[in-house]
$ cat model-v3.cif   # mmCIF, C-alpha atoms
data_final
loop_
_atom_site.group_PDB
_atom_site.id
_atom_site.type_symbol
_atom_site.label_atom_id
_atom_site.label_comp_id
_atom_site.auth_asym_id
_atom_site.auth_seq_id
_atom_site.Cartn_x
_atom_site.Cartn_y
_atom_site.Cartn_z
ATOM 1 C CA MET A 107 35.553 42.592 4.911
ATOM 2 C CA HIS A 108 35.940 40.160 7.767
ATOM 3 C CA LYS A 109 32.204 40.379 8.324
ATOM 4 C CA VAL A 110 31.560 39.360 4.693
ATOM 5 C CA TYR A 111 33.892 36.359 5.009
ATOM 6 C CA TYR A 112 32.257 35.431 8.294
ATOM 7 C CA PHE A 113 28.813 35.681 6.708
ATOM 8 C CA LEU A 114 29.862 33.604 3.673
ATOM 9 C CA GLU A 115 31.462 30.999 5.899
ATOM 10 C CA LYS A 116 28.295 30.765 7.960
ATOM 11 C CA LEU A 117 26.121 30.557 4.847
ATOM 12 C CA ILE A 118 28.225 27.721 3.397
ATOM 13 C CA PHE A 119 28.199 25.899 6.732
ATOM 14 C CA ILE A 120 24.407 26.146 6.999
ATOM 15 C CA SER A 121 23.917 25.109 3.355
ATOM 16 C CA VAL A 122 26.199 22.091 3.698
ATOM 17 C CA SER A 123 24.542 21.148 6.981
ATOM 18 C CA TYR A 124 21.106 21.170 5.374
ATOM 19 C CA LEU A 125 22.424 19.195 2.394
ATOM 20 C CA TYR A 126 23.813 16.627 4.811
ATOM 21 C CA LEU A 127 20.512 16.421 6.663
ATOM 22 C CA PHE A 128 18.565 16.082 3.428
ATOM 23 C CA VAL A 129 20.805 13.280 2.145
ATOM 24 C CA SER A 130 20.690 11.575 5.544
ATOM 25 C CA ALA A 131 16.924 11.626 5.529
ATOM 26 C CA VAL A 132 16.216 10.438 2.012
ATOM 27 C CA ALA A 133 19.011 7.863 1.845
ATOM 28 C CA GLN A 134 17.430 5.640 4.479
ATOM 29 C CA VAL A 135 16.097 2.306 3.324
ATOM 30 C CA ASN A 136 12.451 3.172 3.576
ATOM 31 C CA SER A 137 9.746 2.507 1.097
ATOM 32 C CA TYR A 138 7.080 5.169 1.640
ATOM 33 C CA ILE A 139 3.880 3.154 1.630
ATOM 34 C CA PRO A 140 5.622 -0.148 2.259
ATOM 35 C CA ASP A 141 4.486 -3.545 1.161
ATOM 36 C CA SER A 142 1.514 -4.665 3.147
ATOM 37 C CA TYR A 143 0.701 -8.095 1.778
ATOM 38 C CA ASN A 144 -2.606 -8.239 3.572
ATOM 39 C CA TYR A 145 -3.684 -5.071 1.795
ATOM 40 C CA PHE A 146 -2.307 -6.163 -1.562
ATOM 41 C CA SER A 147 -4.379 -9.323 -1.430
ATOM 42 C CA GLN A 148 -7.560 -8.210 0.216
ATOM 43 C CA ASN A 149 -7.723 -4.441 0.572
ATOM 44 C CA ILE A 150 -6.066 -3.249 -2.591
ATOM 45 C CA THR A 151 -7.912 0.063 -2.396
ATOM 46 C CA LEU A 152 -5.083 1.432 -0.266
ATOM 47 C CA TYR A 153 -2.712 1.114 -3.234
ATOM 48 C CA ASN A 154 -4.789 1.193 -6.388
ATOM 49 C CA PRO A 155 -7.245 4.102 -6.638
ATOM 50 C CA SER A 156 -8.965 2.539 -9.660
ATOM 51 C CA TYR A 157 -10.156 -0.521 -7.773
ATOM 52 C CA ILE A 158 -13.845 -0.329 -6.911
ATOM 53 C CA SER A 159 -15.349 -3.157 -4.943
ATOM 54 C CA SER A 160 -18.770 -4.435 -5.913
ATOM 55 C CA ALA A 161 -20.581 -4.776 -2.621
ATOM 56 C CA GLU A 162 -20.077 -2.338 0.195
ATOM 57 C CA SER A 163 -21.084 1.299 0.265
ATOM 58 C CA TYR A 164 -18.852 2.431 3.147
ATOM 59 C CA LYS A 165 -15.610 0.858 4.283
ATOM 60 C CA PHE A 166 -13.353 1.922 7.160
ATOM 61 C CA MET A 167 -10.049 0.100 7.624
ATOM 62 C CA LEU A 168 -7.301 0.496 10.204
ATOM 63 C CA ASN A 169 -4.017 -1.220 9.377
ATOM 64 C CA HIS A 170 -0.898 -1.622 11.510
ATOM 65 C CA LYS A 171 2.252 -3.321 10.264
ATOM 66 C CA PHE A 172 5.253 -3.871 12.511
ATOM 67 C CA LEU A 173 8.545 -5.662 12.281
ATOM 68 C CA SER A 174 9.827 -8.155 14.812
ATOM 69 C CA GLY A 175 13.039 -8.519 16.816
ATOM 70 C CA GLN A 176 15.543 -5.673 16.923
ATOM 71 C CA PHE A 177 13.595 -3.762 14.247
ATOM 72 C CA LYS A 178 10.413 -3.575 16.282
ATOM 73 C CA ASP A 179 10.563 0.255 16.278
ATOM 74 C CA ILE A 180 9.789 0.237 12.555
ATOM 75 C CA SER A 181 6.067 0.306 11.916
ATOM 76 C CA TYR A 182 3.417 1.546 9.515
ATOM 77 C CA THR A 183 -0.095 2.561 10.479
ATOM 78 C CA ASN A 184 -2.814 3.830 8.202
ATOM 79 C CA PHE A 185 -6.525 4.497 8.153
ATOM 80 C CA THR A 186 -8.674 4.497 5.041
ATOM 81 C CA ALA A 187 -12.271 5.607 4.704
ATOM 82 C CA ALA A 188 -14.067 4.770 1.453
ATOM 83 C CA LYS A 189 -17.452 5.597 -0.031
ATOM 84 C CA ASN A 190 -18.635 3.632 -3.076
ATOM 85 C CA ILE A 191 -21.486 4.759 -5.333
ATOM 86 C CA TYR A 192 -23.045 2.269 -7.740
ATOM 87 C CA LYS A 193 -25.069 3.108 -10.835
ATOM 88 C CA ASP A 194 -26.225 1.066 -13.799
ATOM 89 C CA LYS A 195 -23.468 2.086 -16.191
ATOM 90 C CA ASN A 196 -20.795 3.369 -13.884
ATOM 91 C CA SER A 197 -19.533 3.259 -10.322
ATOM 92 C CA MET A 198 -17.440 5.672 -8.300
ATOM 93 C CA ALA A 199 -15.315 5.510 -5.200
ATOM 94 C CA PHE A 200 -14.078 8.307 -2.954
ATOM 95 C CA ARG A 201 -11.388 7.601 -0.385
ATOM 96 C CA ALA A 202 -9.392 9.403 2.257
ATOM 97 C CA ILE A 203 -6.134 7.843 3.433
ATOM 98 C CA VAL A 204 -4.096 8.905 6.452
ATOM 99 C CA GLY A 205 -0.892 7.051 7.246
ATOM 100 C CA LYS A 206 2.282 7.196 9.264
ATOM 101 C CA GLU A 207 5.468 5.298 8.657
ATOM 102 C CA GLN A 208 7.870 5.186 11.602
ATOM 103 C CA GLU A 209 11.468 4.349 10.747
ATOM 104 C CA GLY A 210 12.897 3.794 14.199
ATOM 105 C CA PRO A 211 13.033 6.545 16.832
ATOM 106 C CA TYR A 212 14.317 9.352 14.558
ATOM 107 C CA ILE A 213 12.410 9.280 11.263
ATOM 108 C CA SER A 214 8.663 9.540 10.887
ATOM 109 C CA ILE A 215 6.812 9.879 7.575
ATOM 110 C CA PRO A 216 3.160 10.930 7.859
ATOM 111 C CA SER A 217 1.015 11.131 4.743
ATOM 112 C CA VAL A 218 -2.452 12.316 3.784
ATOM 113 C CA SER A 219 -4.173 11.700 0.468
ATOM 114 C CA LEU A 220 -7.532 11.769 -1.272
ATOM 115 C CA SER A 221 -8.508 9.312 -3.945
ATOM 116 C CA TYR A 222 -11.127 9.114 -6.690
ATOM 117 C CA GLY A 223 -11.934 6.088 -8.844
ATOM 118 C CA TYR A 224 -14.370 5.702 -11.740
ATOM 119 C CA GLU A 225 -15.555 2.441 -13.242
ATOM 120 C CA LEU A 226 -17.242 2.321 -16.638
ATOM 121 C CA LYS A 227 -19.165 -0.802 -17.610
ATOM 122 C CA LEU A 228 -18.280 -1.542 -21.238
ATOM 123 C CA SER A 229 -20.667 -4.473 -21.439
ATOM 124 C CA ARG A 230 -22.592 -6.693 -19.067
ATOM 125 C CA ASN A 231 -19.462 -8.590 -18.082
ATOM 126 C CA VAL A 232 -16.603 -6.205 -18.826
ATOM 127 C CA SER A 233 -15.729 -3.002 -17.018
ATOM 128 C CA PHE A 234 -12.820 -0.584 -17.201
ATOM 129 C CA SER A 235 -11.748 1.639 -14.320
ATOM 130 C CA SER A 236 -9.298 4.423 -13.664
ATOM 131 C CA GLY A 237 -8.382 6.381 -10.578
ATOM 132 C CA VAL A 238 -6.059 8.935 -9.108
ATOM 133 C CA THR A 239 -4.736 9.620 -5.619
ATOM 134 C CA LEU A 240 -3.273 12.990 -4.702
ATOM 135 C CA GLY A 241 -1.786 13.961 -1.394
ATOM 136 C CA ALA A 242 1.284 14.978 0.538
ATOM 137 C CA THR A 243 3.959 13.125 2.453
ATOM 138 C CA GLY A 244 6.075 14.702 5.153
ATOM 139 C CA VAL A 245 9.480 13.501 6.250
ATOM 140 C CA TYR A 246 10.467 14.387 9.827
ATOM 141 C CA PHE A 247 14.010 13.583 10.859
ATOM 142 C CA ALA A 248 14.786 14.380 14.483
ATOM 143 C CA THR A 249 17.617 13.296 16.751
ATOM 144 C CA PRO A 250 18.344 14.743 20.201
ATOM 145 C CA SER A 251 20.752 17.272 18.611
ATOM 146 C CA LEU A 252 19.537 17.802 15.027
ATOM 147 C CA SER A 253 16.220 17.977 13.255
ATOM 148 C CA SER A 254 14.975 18.507 9.727
ATOM 149 C CA SER A 255 11.681 18.185 7.922
ATOM 150 C CA PHE A 256 10.209 18.641 4.488
ATOM 151 C CA ILE A 257 6.929 17.961 2.724
ATOM 152 C CA LEU A 258 6.568 16.436 -0.739
ATOM 153 C CA PRO A 259 3.543 16.127 -3.013
ATOM 154 C CA ASP A 260 2.505 12.570 -3.737
ATOM 155 C CA GLY A 261 0.332 10.929 -6.357
ATOM 156 C CA VAL A 262 -0.783 7.557 -7.679
ATOM 157 C CA LEU A 263 -2.399 6.648 -11.000
ATOM 158 C CA GLY A 264 -4.254 3.398 -11.469
ATOM 159 C CA LEU A 265 -6.031 1.483 -14.227
ATOM 160 C CA GLY A 266 -8.149 -1.636 -14.006
ATOM 161 C CA LEU A 267 -9.939 -4.105 -16.250
ATOM 162 C CA LYS A 268 -12.522 -6.511 -14.820
ATOM 163 C CA VAL A 269 -14.060 -9.463 -16.675
ATOM 164 C CA LYS A 270 -16.880 -11.533 -15.186
ATOM 165 C CA LYS A 271 -17.050 -15.111 -16.344
ATOM 166 C CA HIS A 272 -20.146 -17.225 -16.083
ATOM 167 C CA LEU A 273 -19.247 -20.899 -16.153
ATOM 168 C CA MET B 360 -14.101 -13.275 -12.389
ATOM 169 C CA SER B 361 -10.777 -12.013 -13.731
ATOM 170 C CA SER B 362 -9.241 -8.607 -13.275
ATOM 171 C CA LEU B 363 -6.093 -6.807 -14.357
ATOM 172 C CA GLN B 364 -4.773 -3.816 -12.412
ATOM 173 C CA VAL B 365 -1.933 -1.448 -13.232
ATOM 174 C CA PHE B 366 -0.833 1.279 -10.827
ATOM 175 C CA ASN B 367 2.207 2.916 -9.289
ATOM 176 C CA THR B 368 3.402 3.095 -5.694
ATOM 177 C CA GLY B 369 6.535 4.303 -4.023
ATOM 178 C CA GLN B 370 8.254 7.471 -3.058
ATOM 179 C CA PRO B 371 6.551 10.819 -3.343
ATOM 180 C CA SER B 372 7.914 13.645 -5.475
ATOM 181 C CA PHE B 373 5.620 12.664 -8.309
ATOM 182 C CA PHE B 374 6.599 9.620 -10.294
ATOM 183 C CA LEU B 375 10.274 9.682 -9.394
ATOM 184 C CA LYS B 376 11.486 6.366 -8.018
ATOM 185 C CA ARG B 377 8.086 4.829 -8.300
ATOM 186 C CA TYR B 378 7.283 1.181 -8.541
ATOM 187 C CA TYR B 379 4.969 0.105 -11.321
ATOM 188 C CA ASN B 380 2.656 -2.673 -10.243
ATOM 189 C CA VAL B 381 0.665 -5.145 -12.289
ATOM 190 C CA ILE B 382 -1.801 -7.498 -10.617
ATOM 191 C CA LEU B 383 -3.665 -10.263 -12.398
ATOM 192 C CA VAL B 384 -6.442 -11.850 -10.346
ATOM 193 C CA ASN B 385 -8.369 -14.925 -11.371
ATOM 194 C CA GLU B 386 -11.246 -16.045 -9.180
ATOM 195 C CA LEU B 387 -12.590 -19.557 -9.466
ATOM 196 C CA ASP B 388 -15.986 -20.418 -7.982
ATOM 197 C CA LEU B 389 -15.655 -24.036 -6.854
ATOM 198 C CA ASN B 390 -19.194 -24.228 -5.545
ATOM 199 C CA HIS B 391 -21.446 -21.661 -3.949
ATOM 200 C CA LYS B 392 -19.452 -21.757 -0.705
ATOM 201 C CA TRP B 393 -15.785 -22.064 -1.695
ATOM 202 C CA LYS B 394 -13.792 -19.763 -3.972
ATOM 203 C CA LEU B 395 -10.161 -19.981 -5.015
ATOM 204 C CA LYS B 396 -8.281 -16.827 -5.911
ATOM 205 C CA ASN B 397 -5.043 -16.851 -7.915
ATOM 206 C CA GLN B 398 -3.099 -13.596 -7.816
ATOM 207 C CA PHE B 399 0.053 -12.752 -9.788
ATOM 208 C CA PHE B 400 1.913 -9.607 -8.734
ATOM 209 C CA GLY B 401 4.672 -7.892 -10.662
ATOM 210 C CA ARG B 402 6.478 -4.869 -9.250
ATOM 211 C CA TYR B 403 9.167 -3.022 -11.201
ATOM 212 C CA LEU B 404 11.397 -0.039 -10.465
ATOM 213 C CA SER B 405 14.542 -0.767 -12.417
ATOM 214 C CA ARG B 406 16.457 -3.772 -13.703
ATOM 215 C CA ASP B 407 17.749 -4.814 -10.291
ATOM 216 C CA LYS B 408 14.713 -3.672 -8.351
ATOM 217 C CA TYR B 409 11.768 -5.848 -9.200
ATOM 218 C CA GLU B 410 9.727 -8.434 -7.418
ATOM 219 C CA MET B 411 7.169 -11.012 -8.409
ATOM 220 C CA LYS B 412 4.699 -12.657 -6.097
ATOM 221 C CA TYR B 413 2.137 -15.376 -6.351
ATOM 222 C CA ALA B 414 -0.762 -15.584 -3.929
ATOM 223 C CA LEU B 415 -3.291 -18.338 -3.521
ATOM 224 C CA LEU B 416 -6.333 -17.560 -1.401
ATOM 225 C CA ALA B 417 -9.180 -19.831 -0.404
ATOM 226 C CA SER B 418 -12.393 -18.093 0.566
ATOM 227 C CA PHE B 419 -15.280 -19.759 2.372
ATOM 228 C CA ASP B 420 -18.709 -18.171 2.043
ATOM 229 C CA GLN B 421 -17.083 -14.701 1.929
ATOM 230 C CA LEU B 422 -16.494 -15.022 5.668
ATOM 231 C CA ILE B 423 -13.084 -16.663 6.003
ATOM 232 C CA ASP B 424 -10.060 -16.107 3.755
ATOM 233 C CA LEU B 425 -6.881 -18.119 4.106
ATOM 234 C CA GLY B 426 -3.938 -17.271 1.902
ATOM 235 C CA PHE B 427 -0.348 -18.008 1.044
ATOM 236 C CA VAL B 428 1.987 -15.576 -0.754
ATOM 237 C CA LEU B 429 5.294 -16.624 -2.312
ATOM 238 C CA ARG B 430 7.823 -13.936 -3.276
ATOM 239 C CA THR B 431 10.756 -14.116 -5.674
ATOM 240 C CA LYS B 432 12.874 -11.813 -3.501
ATOM 241 C CA GLY B 433 12.764 -14.458 -0.785
ATOM 242 C CA GLY B 434 10.187 -15.281 1.809
ATOM 243 C CA PHE B 435 6.532 -16.048 2.065
ATOM 244 C CA SER B 436 3.469 -14.649 3.809
ATOM 245 C CA LEU B 437 0.581 -16.297 5.552
ATOM 246 C CA LEU B 438 -2.724 -14.431 5.486
ATOM 247 C CA ALA B 439 -5.947 -14.958 7.403
ATOM 248 C CA THR B 440 -9.099 -12.853 7.337
ATOM 249 C CA ILE B 441 -12.357 -13.308 9.206
ATOM 250 C CA MET B 442 -15.497 -11.350 8.377
ATOM 251 C CA LEU B 443 -17.901 -11.201 11.297
ATOM 252 C CA PRO B 444 -21.458 -10.288 10.240
ATOM 253 C CA MET B 445 -23.101 -7.646 12.437
ATOM 254 C CA LYS B 446 -26.716 -7.257 11.285
ATOM 255 C CA GLU B 447 -26.353 -5.690 7.818
ATOM 256 C CA ASN B 448 -22.707 -4.753 8.329
ATOM 257 C CA LYS B 449 -19.467 -6.668 8.674
ATOM 258 C CA LEU B 450 -16.440 -6.496 10.918
ATOM 259 C CA ASN B 451 -13.204 -7.389 9.170
ATOM 260 C CA LEU B 452 -10.260 -8.803 11.107
ATOM 261 C CA SER B 453 -7.116 -9.651 9.147
ATOM 262 C CA PHE B 454 -3.728 -10.946 10.122
ATOM 263 C CA ALA B 455 -0.591 -11.498 8.056
ATOM 264 C CA TYR B 456 2.793 -12.907 8.972
ATOM 265 C CA ASN B 457 5.590 -12.167 6.513
ATOM 266 C CA THR B 458 8.892 -14.025 6.580
ATOM 267 C CA ASN B 459 11.974 -12.832 4.715
ATOM 268 C CA TYR B 460 14.796 -14.968 3.413
ATOM 269 C CA VAL B 461 17.166 -12.632 1.616
ATOM 270 C CA ARG B 462 20.401 -13.411 -0.157
ATOM 271 C CA PRO B 463 23.553 -12.969 1.971
ATOM 272 C CA GLN B 464 24.736 -9.927 0.005
ATOM 273 C CA SER B 465 21.412 -8.168 0.469
ATOM 274 C CA TYR B 466 20.567 -6.120 3.492
ATOM 275 C CA TYR B 467 18.730 -7.843 6.296
ATOM 276 C CA ILE B 468 14.957 -7.560 6.318
ATOM 277 C CA PRO B 469 13.297 -8.845 9.472
ATOM 278 C CA ASN B 470 10.009 -10.695 9.638
ATOM 279 C CA SER B 471 6.908 -8.591 9.973
ATOM 280 C CA MET B 472 3.289 -8.829 11.037
ATOM 281 C CA GLU B 473 0.215 -6.962 9.882
ATOM 282 C CA LEU B 474 -3.036 -6.421 11.719
ATOM 283 C CA VAL B 475 -6.119 -4.968 10.042
ATOM 284 C CA LEU B 476 -9.362 -3.964 11.693
ATOM 285 C CA GLY B 477 -12.182 -2.881 9.407
ATOM 286 C CA ILE B 478 -15.862 -2.010 9.412
ATOM 287 C CA ILE B 479 -17.835 -2.504 6.215
ATOM 288 C CA LEU B 480 -21.279 -0.946 5.895
ATOM 289 C CA ASP B 481 -23.554 -2.369 3.193
#
$ encode --input "model-v3.cif" --output "structure tokens"
Amino acid sequence: MHKVYYFLEKLIFISVSYLYLFVSAVAQVNSYIPDSYNYFSQNITLYNPSYISSAESYKFMLNHKFLSGQFKDISYTNFTAAKNIYKDKNSMAFRAIVGKEQEGPYISIPSVSLSYGYELKLSRNVSFSSGVTLGATGVYFATPSLSSSFILPDGVLGLGLKVKKHL
Amino acid sequence: MSSLQVFNTGQPSFFLKRYYNVILVNELDLNHKWKLKNQFFGRYLSRDKYEMKYALLASFDQLIDLGFVLRTKGGFSLLATIMLPMKENKLNLSFAYNTNYVRPQSYYIPNSMELVLGIILD
């Protein structure tokens, strides 16, 4: 009987410990794919899978964002590789995105995703696009005495409408 | 050229706690060398978690981009991009400096910098 109590006690302790670790990890103020204003303005393909640029056929981008002062251990690095295919009535884009968000010395959040975008030209000047990104994000929480990790699926949906004006 | 984009970003676990983003871009061709780009950003999670931004970018001959981003949550960003032609390809170097002025009751967000290195093959 004592063995059963001991086992139950241990089970509850382990369960509560993991619950504590889980809450500790996800309750941090982190954004998972944080704001990168440079990318939002000029390399939106990292965020919006439906965006298809109209010039290049291959694009490789390496981005590093870091905070200043006492938060300098927080950083975000990612690499995107894109292949665009242009046709008369439609265009396509394939992308692979690898990133890592570092939240100080204890939390790191790597992610991997693949993206596909399709643009349909509705008329000479109007086009509609849609895209999807699917991937996985891992959360690794490690201190000198405790560690925990889990992996979550991740996805992005995007829509776009482009109108060319000739003045 | 004008474009409207709608997409989500945010935490994984499929569409839970995701931000919904809307971007409206309007590009104005001043002459064959200079272009002005107006960008309106809206980002929404819930009633107290939203942000709007306005960006103005000036582009010269598709080689140099200089930009300014103003954010409703406090702070602004300065952007600079240089495209270096290399035969038929281009090397992209971008830099951004983001300041943050948050309300006293909000948590502190430090300033940040972004560096981008890219290779574009035509």
$ resolve_selection --input "model-v3.cif" --expression "the PyMOL selection byres ((chain B) within 7 of (chain A))" --output "mmCIF file with C-alpha atoms, in the frame of the given file"
data_model
loop_
_atom_site.group_PDB
_atom_site.id
_atom_site.type_symbol
_atom_site.label_atom_id
_atom_site.label_comp_id
_atom_site.auth_asym_id
_atom_site.auth_seq_id
_atom_site.Cartn_x
_atom_site.Cartn_y
_atom_site.Cartn_z
ATOM 1 C CA MET B 360 -14.101 -13.275 -12.389
ATOM 2 C CA SER B 361 -10.777 -12.013 -13.731
ATOM 3 C CA SER B 362 -9.241 -8.607 -13.275
ATOM 4 C CA LEU B 363 -6.093 -6.807 -14.357
ATOM 5 C CA GLN B 364 -4.773 -3.816 -12.412
ATOM 6 C CA VAL B 365 -1.933 -1.448 -13.232
ATOM 7 C CA PHE B 366 -0.833 1.279 -10.827
ATOM 8 C CA ASN B 367 2.207 2.916 -9.289
ATOM 9 C CA THR B 368 3.402 3.095 -5.694
ATOM 10 C CA GLY B 369 6.535 4.303 -4.023
ATOM 11 C CA GLN B 370 8.254 7.471 -3.058
ATOM 12 C CA PRO B 371 6.551 10.819 -3.343
ATOM 13 C CA SER B 372 7.914 13.645 -5.475
ATOM 14 C CA PHE B 373 5.620 12.664 -8.309
ATOM 15 C CA LEU B 438 -2.724 -14.431 5.486
ATOM 16 C CA ALA B 455 -0.591 -11.498 8.056
ATOM 17 C CA PRO B 469 13.297 -8.845 9.472
ATOM 18 C CA ASN B 470 10.009 -10.695 9.638
ATOM 19 C CA SER B 471 6.908 -8.591 9.973
ATOM 20 C CA MET B 472 3.289 -8.829 11.037
ATOM 21 C CA GLU B 473 0.215 -6.962 9.882
ATOM 22 C CA LEU B 474 -3.036 -6.421 11.719
ATOM 23 C CA VAL B 475 -6.119 -4.968 10.042
ATOM 24 C CA LEU B 476 -9.362 -3.964 11.693
ATOM 25 C CA GLY B 477 -12.182 -2.881 9.407
ATOM 26 C CA ILE B 478 -15.862 -2.010 9.412
ATOM 27 C CA ILE B 479 -17.835 -2.504 6.215
ATOM 28 C CA LEU B 480 -21.279 -0.946 5.895
ATOM 29 C CA ASP B 481 -23.554 -2.369 3.193
#
$ resolve_selection --input "model-v3.cif" --expression "the PyMOL selection byres ((chain B and resi 432) around 7)" --output "PyMOL selection string"
chain B and resi 410+430-431+433-434+461
$ write_last_selection --input "model-v3.cif" --atoms "C-alpha atoms" --output "PDB file, keeping the file's coordinate frame"
ATOM      1  CA  GLU B 410       9.727  -8.434  -7.418  1.00  0.00           C
ATOM      2  CA  ARG B 430       7.823 -13.936  -3.276  1.00  0.00           C
ATOM      3  CA  THR B 431      10.756 -14.116  -5.674  1.00  0.00           C
ATOM      4  CA  GLY B 433      12.764 -14.458  -0.785  1.00  0.00           C
ATOM      5  CA  GLY B 434      10.187 -15.281   1.809  1.00  0.00           C
ATOM      6  CA  VAL B 461      17.166 -12.632   1.616  1.00  0.00           C
TER       7      VAL B 461
END
$ atom_distance --input "model-v3.cif" --atom1 "CA of Gly223 in chain A" --atom2 "CA of Thr151 in chain A"
9.7 Å
$ resolve_selection --input "model-v3.cif" --expression "the PyMOL selection byres ((chain B and resi 420-424) around 6)" --output "list in words"
Lys392, Ala417, Ser418, Phe419, Leu425, Ala439, Thr440, Ile441 and Met442 of chain B
$ atom_distance --input "model-v3.cif" --atom1 "CA of Asn196 in chain A" --atom2 "CA of Glu386 in chain B"
22.1 Å
$ atom_distance --input "model-v3.cif" --atom1 "CA of Ile382 in chain B" --atom2 "CA of Lys449 in chain B"
26.2 Å
$ axis_aligned_box --input "model-v3.cif" --around "range 430-439 of chain B" --padding-each-side "3 Å" --output "JSON"
{"center_x": 3.5, "center_y": -14.1, "center_z": 0.9, "size_x": 24.8, "size_y": 10.5, "size_z": 19.1}
$ residues_around --input "model-v3.cif" --residues "Ala414 in chain B" --least-positions-apart "6" --cutoff "10 Å" --atoms "all atoms listed in the file" --output "ChimeraX atom specification"
/A:143,146-147 /B:384,396-400,426-430,435-438
$ build_atoms --input "model-v3.cif" --residues "range 157-172 of chain A" --atoms "N, CA and C atoms" --output "compact mmCIF listing (two decimals), keeping the file's coordinate frame"
# COMPACT_ATOMS: atom_id res chain seq x y z
N TYR A 157 -9.40 0.67 -8.18
CA TYR A 157 -10.16 -0.52 -7.77
C TYR A 157 -11.44 -0.11 -7.06
N ILE A 158 -12.55 -0.62 -7.54
CA ILE A 158 -13.84 -0.33 -6.91
C ILE A 158 -14.51 -1.66 -6.59
N SER A 159 -14.74 -1.89 -5.33
CA SER A 159 -15.35 -3.16 -4.94
C SER A 159 -16.82 -3.16 -5.33
N SER A 160 -17.42 -4.33 -5.33
CA SER A 160 -18.77 -4.43 -5.91
C SER A 160 -19.85 -4.68 -4.87
N ALA A 161 -19.54 -4.47 -3.61
CA ALA A 161 -20.58 -4.78 -2.62
C ALA A 161 -20.83 -3.63 -1.65
N GLU A 162 -19.81 -3.23 -0.94
CA GLU A 162 -20.08 -2.34 0.20
C GLU A 162 -20.22 -0.88 -0.24
N SER A 163 -20.94 -0.12 0.58
CA SER A 163 -21.08 1.30 0.26
C SER A 163 -20.10 2.15 1.09
N TYR A 164 -19.86 1.75 2.33
CA TYR A 164 -18.85 2.43 3.15
C TYR A 164 -17.87 1.40 3.67
N LYS A 165 -16.61 1.78 3.75
CA LYS A 165 -15.61 0.86 4.28
C LYS A 165 -14.57 1.66 5.08
N PHE A 166 -14.34 1.26 6.31
CA PHE A 166 -13.35 1.92 7.16
C PHE A 166 -12.34 0.88 7.60
N MET A 167 -11.07 1.10 7.30
CA MET A 167 -10.05 0.10 7.62
C MET A 167 -8.89 0.74 8.39
N LEU A 168 -8.47 0.07 9.43
CA LEU A 168 -7.30 0.50 10.20
C LEU A 168 -6.25 -0.59 10.09
N ASN A 169 -5.07 -0.23 9.62
CA ASN A 169 -4.02 -1.22 9.38
C ASN A 169 -2.77 -0.85 10.18
N HIS A 170 -2.16 -1.85 10.79
CA HIS A 170 -0.90 -1.62 11.51
C HIS A 170 0.07 -2.73 11.13
N LYS A 171 1.22 -2.35 10.61
CA LYS A 171 2.25 -3.32 10.26
C LYS A 171 3.47 -3.04 11.12
N PHE A 172 4.06 -4.09 11.69
CA PHE A 172 5.25 -3.87 12.51
C PHE A 172 6.24 -5.01 12.29
